[in-house]
$ cat final-v8.pdb   # PDB, C-alpha atoms, pLDDT in the B column
ATOM      1  CA  MET A  18      50.840  59.411 -23.258  1.00 60.00           C
ATOM      2  CA  PRO A  19      49.873  62.795 -21.767  1.00 77.00           C
ATOM      3  CA  LEU A  20      46.841  63.000 -19.511  1.00 88.00           C
ATOM      4  CA  GLU A  21      45.635  66.204 -21.160  1.00 94.00           C
ATOM      5  CA  GLN A  22      44.642  66.334 -24.816  1.00 96.00           C
ATOM      6  CA  HIS A  23      44.571  69.359 -27.134  1.00 97.00           C
ATOM      7  CA  LYS A  24      43.245  69.298 -30.702  1.00 97.00           C
ATOM      8  CA  GLU A  25      42.509  72.064 -33.199  1.00 97.00           C
ATOM      9  CA  LYS A  26      40.511  71.444 -36.373  1.00 95.00           C
ATOM     10  CA  ASN A  27      39.698  73.920 -39.154  1.00 95.00           C
ATOM     11  CA  TYR A  28      36.302  73.844 -40.858  1.00 96.00           C
ATOM     12  CA  SER A  29      34.827  75.789 -43.749  1.00 94.00           C
ATOM     13  CA  GLU A  30      31.502  76.197 -41.901  1.00 95.00           C
ATOM     14  CA  ASP A  31      30.614  79.307 -39.886  1.00 95.00           C
ATOM     15  CA  VAL A  32      31.285  79.430 -36.147  1.00 96.00           C
ATOM     16  CA  GLN A  33      27.604  79.163 -35.163  1.00 96.00           C
ATOM     17  CA  SER A  34      27.186  75.944 -37.176  1.00 96.00           C
ATOM     18  CA  ILE A  35      30.330  74.471 -35.613  1.00 97.00           C
ATOM     19  CA  TYR A  36      29.186  75.435 -32.105  1.00 97.00           C
ATOM     20  CA  ASP A  37      25.736  73.900 -32.695  1.00 97.00           C
ATOM     21  CA  ALA A  38      27.394  70.706 -33.979  1.00 97.00           C
ATOM     22  CA  ALA A  39      29.535  70.607 -30.819  1.00 97.00           C
ATOM     23  CA  LEU A  40      26.417  70.875 -28.640  1.00 97.00           C
ATOM     24  CA  LYS A  41      24.809  67.983 -30.541  1.00 98.00           C
ATOM     25  CA  ALA A  42      27.997  65.899 -30.251  1.00 98.00           C
ATOM     26  CA  THR A  43      28.039  66.489 -26.494  1.00 98.00           C
ATOM     27  CA  GLU A  44      24.432  65.360 -26.197  1.00 97.00           C
ATOM     28  CA  LYS A  45      24.940  62.275 -28.387  1.00 97.00           C
ATOM     29  CA  LEU A  46      27.946  61.141 -26.337  1.00 97.00           C
ATOM     30  CA  GLY A  47      26.055  61.565 -23.057  1.00 97.00           C
ATOM     31  CA  GLY A  48      28.004  64.602 -21.875  1.00 97.00           C
ATOM     32  CA  LYS A  49      26.614  67.039 -19.337  1.00 97.00           C
ATOM     33  CA  ILE A  50      27.253  70.716 -20.056  1.00 97.00           C
ATOM     34  CA  ILE A  51      28.658  72.344 -16.931  1.00 97.00           C
ATOM     35  CA  SER A  52      29.264  75.780 -18.438  1.00 97.00           C
ATOM     36  CA  SER A  53      28.638  77.491 -21.714  1.00 96.00           C
ATOM     37  CA  ALA A  54      29.002  80.895 -23.260  1.00 96.00           C
ATOM     38  CA  PRO A  55      26.981  80.753 -26.502  1.00 95.00           C
ATOM     39  CA  ASP A  56      27.880  84.346 -27.366  1.00 96.00           C
ATOM     40  CA  GLN A  57      31.575  83.366 -27.223  1.00 96.00           C
ATOM     41  CA  PHE A  58      30.984  79.934 -28.825  1.00 97.00           C
ATOM     42  CA  ARG A  59      32.464  78.099 -25.835  1.00 98.00           C
ATOM     43  CA  LEU A  60      31.279  75.105 -23.824  1.00 98.00           C
ATOM     44  CA  THR A  61      32.618  72.811 -21.141  1.00 98.00           C
ATOM     45  CA  ALA A  62      31.138  69.373 -20.553  1.00 98.00           C
ATOM     46  CA  ARG A  63      31.758  66.322 -18.410  1.00 98.00           C
ATOM     47  CA  PHE A  64      31.472  62.861 -19.882  1.00 97.00           C
ATOM     48  CA  PRO A  65      30.734  59.666 -17.933  1.00 96.00           C
ATOM     49  CA  LYS A  66      32.845  56.509 -17.786  1.00 95.00           C
ATOM     50  CA  VAL A  67      30.474  54.734 -20.180  1.00 95.00           C
ATOM     51  CA  ILE A  68      29.987  56.354 -23.593  1.00 96.00           C
ATOM     52  CA  LEU A  69      28.003  54.751 -26.403  1.00 94.00           C
ATOM     53  CA  GLY A  70      27.854  51.528 -24.388  1.00 93.00           C
ATOM     54  CA  LYS A  71      31.644  51.280 -24.078  1.00 95.00           C
ATOM     55  CA  THR A  72      33.236  51.467 -20.638  1.00 94.00           C
ATOM     56  CA  LEU A  73      36.261  53.721 -20.889  1.00 92.00           C
ATOM     57  CA  GLY A  74      37.355  53.688 -17.263  1.00 88.00           C
ATOM     58  CA  GLU A  75      37.415  57.389 -16.412  1.00 93.00           C
ATOM     59  CA  ARG A  76      35.228  60.426 -16.526  1.00 96.00           C
ATOM     60  CA  THR A  77      36.444  63.196 -18.806  1.00 97.00           C
ATOM     61  CA  GLU A  78      36.072  66.959 -18.840  1.00 98.00           C
ATOM     62  CA  LEU A  79      36.171  68.524 -22.294  1.00 98.00           C
ATOM     63  CA  SER A  80      36.048  72.141 -23.376  1.00 98.00           C
ATOM     64  CA  CYS A  81      35.409  73.352 -26.896  1.00 98.00           C
ATOM     65  CA  GLN A  82      36.018  76.894 -28.102  1.00 98.00           C
ATOM     66  CA  VAL A  83      35.038  77.844 -31.651  1.00 97.00           C
ATOM     67  CA  ARG A  84      36.850  80.791 -33.219  1.00 96.00           C
ATOM     68  CA  ALA A  85      36.477  82.432 -36.598  1.00 95.00           C
ATOM     69  CA  ASN A  86      39.293  82.263 -39.113  1.00 92.00           C
ATOM     70  CA  ASP A  87      39.686  83.369 -42.733  1.00 87.00           C
ATOM     71  CA  ASP A  88      37.878  80.410 -44.286  1.00 87.00           C
ATOM     72  CA  GLY A  89      35.254  79.624 -41.633  1.00 92.00           C
ATOM     73  CA  GLY A  90      36.020  78.476 -38.116  1.00 96.00           C
ATOM     74  CA  VAL A  91      38.378  76.491 -35.960  1.00 97.00           C
ATOM     75  CA  ALA A  92      37.303  74.209 -33.108  1.00 97.00           C
ATOM     76  CA  VAL A  93      39.781  74.092 -30.234  1.00 98.00           C
ATOM     77  CA  VAL A  94      39.206  71.075 -27.992  1.00 98.00           C
ATOM     78  CA  ASP A  95      40.949  70.522 -24.655  1.00 98.00           C
ATOM     79  CA  ALA A  96      40.228  67.577 -22.363  1.00 98.00           C
ATOM     80  CA  PHE A  97      41.524  65.861 -19.248  1.00 97.00           C
ATOM     81  CA  PRO A  98      40.493  62.902 -17.053  1.00 96.00           C
ATOM     82  CA  LEU A  99      38.520  63.283 -13.826  1.00 95.00           C
ATOM     83  CA  ASP A 100      38.552  61.237 -10.643  1.00 92.00           C
ATOM     84  CA  ALA A 101      35.446  59.784  -8.967  1.00 88.00           C
ATOM     85  CA  VAL A 102      34.493  63.121  -7.378  1.00 90.00           C
ATOM     86  CA  GLU A 103      35.071  65.008 -10.647  1.00 90.00           C
ATOM     87  CA  ARG A 104      38.400  66.596  -9.797  1.00 91.00           C
ATOM     88  CA  LYS A 105      41.194  66.775 -12.336  1.00 92.00           C
ATOM     89  CA  LEU A 106      43.138  63.507 -12.302  1.00 90.00           C
ATOM     90  CA  MET A 107      46.843  64.259 -11.986  1.00 86.00           C
ATOM     91  CA  PHE A 108      48.247  60.706 -12.209  1.00 86.00           C
ATOM     92  CA  GLY A 109      47.131  57.103 -12.581  1.00 83.00           C
ATOM     93  CA  ALA A 110      44.864  57.653 -15.563  1.00 86.00           C
ATOM     94  CA  ARG A 111      44.219  54.804 -17.944  1.00 88.00           C
ATOM     95  CA  PRO A 112      46.079  55.348 -21.214  1.00 88.00           C
ATOM     96  CA  GLY A 113      44.056  56.486 -24.193  1.00 92.00           C
ATOM     97  CA  VAL A 114      40.764  57.274 -22.445  1.00 94.00           C
ATOM     98  CA  THR A 115      40.893  61.055 -22.864  1.00 95.00           C
ATOM     99  CA  LEU A 116      42.155  60.743 -26.443  1.00 96.00           C
ATOM    100  CA  THR A 117      39.254  58.382 -27.231  1.00 96.00           C
ATOM    101  CA  VAL A 118      36.694  60.890 -25.903  1.00 97.00           C
ATOM    102  CA  VAL A 119      38.285  63.715 -27.929  1.00 97.00           C
ATOM    103  CA  THR A 120      38.377  61.556 -31.071  1.00 96.00           C
ATOM    104  CA  TRP A 121      34.725  60.540 -30.690  1.00 97.00           C
ATOM    105  CA  PHE A 122      33.706  64.137 -29.959  1.00 98.00           C
ATOM    106  CA  ILE A 123      35.410  65.413 -33.124  1.00 97.00           C
ATOM    107  CA  ALA A 124      33.948  62.563 -35.193  1.00 96.00           C
ATOM    108  CA  HIS A 125      30.418  63.374 -33.986  1.00 97.00           C
ATOM    109  CA  LEU A 126      30.976  67.110 -34.474  1.00 97.00           C
ATOM    110  CA  GLU A 127      32.040  66.476 -38.079  1.00 96.00           C
ATOM    111  CA  HIS A 128      29.103  64.116 -38.636  1.00 96.00           C
ATOM    112  CA  ASN A 129      26.740  66.845 -37.386  1.00 96.00           C
ATOM    113  CA  LEU A 130      28.337  69.253 -39.877  1.00 95.00           C
ATOM    114  CA  GLY A 131      27.631  66.763 -42.663  1.00 92.00           C
ATOM    115  CA  LEU A 132      31.287  66.053 -43.346  1.00 89.00           C
ATOM    116  CA  PRO A 133      32.388  62.610 -44.550  1.00 85.00           C
ATOM    117  CA  PRO A 134      34.039  60.336 -41.977  1.00 77.00           C
ATOM    118  CA  ALA A 135      37.811  60.628 -41.722  1.00 70.00           C
ATOM    119  CA  GLN A 136      39.697  57.724 -43.203  1.00 58.00           C
TER     120      GLN A 136
END

$ encode --input "final-v8.pdb" --output "structure tokens"
Amino acid sequence: MPLEQHKEKNYSEDVQSIYDAALKATEKLGGKIISSAPDQFRLTARFPKVILGKTLGERTELSCQVRANDDGGVAVVDAFPLDAVERKLMFGARPGVTLTVVTWFIAHLEHNLGLPPAQ
């Protein structure tokens, strides 16, 4: 399983709504925004080892860029694990941690948009 995760999801909502939902998802999951460019609909956040009461084992850095497309917007999410001093982890990561954070982030983003849960 790759250490880095990349996901792209299309939504019918406008880019501002998607970006706002991403900010709320970050807050709900206990992420700390380390950089943001609201005018470009981009944010980068770091998530702790414990999210929603579940110990995942690693910290995670996640970036989300929202771009316009023909029908609304697309959220591009990239994430990777961090070591104890918040540097990019190049090896030895626990399998599935980064994918779990990305999956939870997208689920919360979609919940904030009012979309039904994915089956």

$ resolve_selection --input "final-v8.pdb" --expression "the PyMOL selection byres ((chain A and resi 19-32) around 7)" --output "list of chain:residue names"
A:Met18, A:Gln33, A:Ser34, A:Ile35, A:Tyr36, A:Val83, A:Arg84, A:Ala85, A:Asp88, A:Gly89, A:Gly90, A:Val91, A:Ala92, A:Val93, A:Val94, A:Asp95, A:Ala96, A:Phe97, A:Pro98, A:Ala110, A:Thr115, A:Leu116

$ atom_distance --input "final-v8.pdb" --atom1 "CA of Leu40 in chain A" --atom2 "CA of Leu60 in chain A"
8.0 Å

$ closest_residue --input "final-v8.pdb" --among "A:Arg104, A:Trp121, A:Ser53, A:Pro65" --to "Thr77 in chain A" --atoms "all atoms listed in the file"
A:Pro65

$ residues_around --input "final-v8.pdb" --residues "Leu69 in chain A" --least-positions-apart "5" --cutoff "10 Å" --atoms "only C-alpha atoms" --output "list in words"
Lys45, Leu46, Gly47 and Trp121 of chain A

$ atom_distance --input "final-v8.pdb" --atom1 "CA of Lys66 in chain A" --atom2 "CA of Val114 in chain A"
9.2 Å

$ residues_around --input "final-v8.pdb" --residues "Glu127 in chain A" --least-positions-apart "6" --cutoff "8 Å" --atoms "only C-alpha atoms" --output "VMD selection string"
chain A and resid 38 133 to 134

$ atom_distance --input "final-v8.pdb" --atom1 "CA of Ile50 in chain A" --atom2 "CA of Glu103 in chain A"
13.5 Å

$ resolve_selection --input "final-v8.pdb" --expression "the PyMOL selection byres ((chain A and resi 62) around 9)" --output "PDB file with C-alpha atoms, keeping the file's coordinate frame"
ATOM      1  CA  THR A  43      28.039  66.489 -26.494  1.00 98.00           C
ATOM      2  CA  GLY A  48      28.004  64.602 -21.875  1.00 97.00           C
ATOM      3  CA  LYS A  49      26.614  67.039 -19.337  1.00 97.00           C
ATOM      4  CA  ILE A  50      27.253  70.716 -20.056  1.00 97.00           C
ATOM      5  CA  ILE A  51      28.658  72.344 -16.931  1.00 97.00           C
ATOM      6  CA  SER A  52      29.264  75.780 -18.438  1.00 97.00           C
ATOM      7  CA  SER A  53      28.638  77.491 -21.714  1.00 96.00           C
ATOM      8  CA  LEU A  60      31.279  75.105 -23.824  1.00 98.00           C
ATOM      9  CA  THR A  61      32.618  72.811 -21.141  1.00 98.00           C
ATOM     10  CA  ARG A  63      31.758  66.322 -18.410  1.00 98.00           C
ATOM     11  CA  PHE A  64      31.472  62.861 -19.882  1.00 97.00           C
ATOM     12  CA  THR A  77      36.444  63.196 -18.806  1.00 97.00           C
ATOM     13  CA  GLU A  78      36.072  66.959 -18.840  1.00 98.00           C
ATOM     14  CA  LEU A  79      36.171  68.524 -22.294  1.00 98.00           C
ATOM     15  CA  SER A  80      36.048  72.141 -23.376  1.00 98.00           C
ATOM     16  CA  CYS A  81      35.409  73.352 -26.896  1.00 98.00           C
TER      17      CYS A  81
END

$ closest_residue --input "final-v8.pdb" --among "A:Ala135, A:Leu73, A:Ala101, A:Gly109" --to "Ile123 in chain A" --atoms "only C-alpha atoms"
A:Ala135

$ closest_residue --input "final-v8.pdb" --among "A:Gly74, A:Leu106, A:Phe58, A:Asp100" --to "Ala39 in chain A" --atoms "all atoms listed in the file"
A:Phe58

$ decode --input "final-v8.pdb" --residues "range 23-38 of chain A" --atoms "N, CA and C atoms" --output "PDB file, in the first residue's frame"
ATOM      1  N   HIS A  23      -3.930   9.851  -2.967  1.00  0.00           N
ATOM      2  CA  HIS A  23      -4.456  10.888  -3.858  1.00  0.00           C
ATOM      3  C   HIS A  23      -5.877  10.496  -4.237  1.00  0.00           C
ATOM      4  N   LYS A  24      -6.822  11.392  -4.000  1.00  0.00           N
ATOM      5  CA  LYS A  24      -8.221  11.146  -4.363  1.00  0.00           C
ATOM      6  C   LYS A  24      -8.787  12.408  -5.009  1.00  0.00           C
ATOM      7  N   GLU A  25      -9.625  12.207  -6.014  1.00  0.00           N
ATOM      8  CA  GLU A  25     -10.347  13.304  -6.655  1.00  0.00           C
ATOM      9  C   GLU A  25     -11.818  12.939  -6.672  1.00  0.00           C
ATOM     10  N   LYS A  26     -12.663  13.872  -6.228  1.00  0.00           N
ATOM     11  CA  LYS A  26     -14.106  13.638  -6.203  1.00  0.00           C
ATOM     12  C   LYS A  26     -14.816  14.833  -6.832  1.00  0.00           C
ATOM     13  N   ASN A  27     -15.760  14.542  -7.725  1.00  0.00           N
ATOM     14  CA  ASN A  27     -16.564  15.585  -8.370  1.00  0.00           C
ATOM     15  C   ASN A  27     -17.842  15.818  -7.573  1.00  0.00           C
ATOM     16  N   TYR A  28     -18.238  17.078  -7.474  1.00  0.00           N
ATOM     17  CA  TYR A  28     -19.462  17.457  -6.776  1.00  0.00           C
ATOM     18  C   TYR A  28     -20.228  18.470  -7.617  1.00  0.00           C
ATOM     19  N   SER A  29     -21.535  18.475  -7.459  1.00  0.00           N
ATOM     20  CA  SER A  29     -22.363  19.416  -8.211  1.00  0.00           C
ATOM     21  C   SER A  29     -22.436  20.784  -7.531  1.00  0.00           C
ATOM     22  N   GLU A  30     -21.925  20.887  -6.302  1.00  0.00           N
ATOM     23  CA  GLU A  30     -21.942  22.153  -5.571  1.00  0.00           C
ATOM     24  C   GLU A  30     -20.846  23.091  -6.091  1.00  0.00           C
ATOM     25  N   ASP A  31     -20.982  24.373  -5.775  1.00  0.00           N
ATOM     26  CA  ASP A  31     -19.990  25.364  -6.202  1.00  0.00           C
ATOM     27  C   ASP A  31     -18.715  25.231  -5.370  1.00  0.00           C
ATOM     28  N   VAL A  32     -17.625  25.774  -5.881  1.00  0.00           N
ATOM     29  CA  VAL A  32     -16.320  25.602  -5.241  1.00  0.00           C
ATOM     30  C   VAL A  32     -16.272  26.204  -3.839  1.00  0.00           C
ATOM     31  N   GLN A  33     -16.941  27.321  -3.608  1.00  0.00           N
ATOM     32  CA  GLN A  33     -16.927  27.930  -2.276  1.00  0.00           C
ATOM     33  C   GLN A  33     -17.597  27.017  -1.256  1.00  0.00           C
ATOM     34  N   SER A  34     -18.713  26.402  -1.625  1.00  0.00           N
ATOM     35  CA  SER A  34     -19.410  25.480  -0.719  1.00  0.00           C
ATOM     36  C   SER A  34     -18.541  24.264  -0.410  1.00  0.00           C
ATOM     37  N   ILE A  35     -17.848  23.757  -1.409  1.00  0.00           N
ATOM     38  CA  ILE A  35     -16.978  22.591  -1.205  1.00  0.00           C
ATOM     39  C   ILE A  35     -15.809  22.965  -0.292  1.00  0.00           C
ATOM     40  N   TYR A  36     -15.221  24.129  -0.527  1.00  0.00           N
ATOM     41  CA  TYR A  36     -14.106  24.593   0.306  1.00  0.00           C
ATOM     42  C   TYR A  36     -14.555  24.782   1.760  1.00  0.00           C
ATOM     43  N   ASP A  37     -15.718  25.393   1.962  1.00  0.00           N
ATOM     44  CA  ASP A  37     -16.242  25.581   3.319  1.00  0.00           C
ATOM     45  C   ASP A  37     -16.497  24.237   3.999  1.00  0.00           C
ATOM     46  N   ALA A  38     -17.005  23.264   3.250  1.00  0.00           N
ATOM     47  CA  ALA A  38     -17.241  21.923   3.790  1.00  0.00           C
ATOM     48  C   ALA A  38     -15.919  21.265   4.172  1.00  0.00           C
TER      49      ALA A  38
END
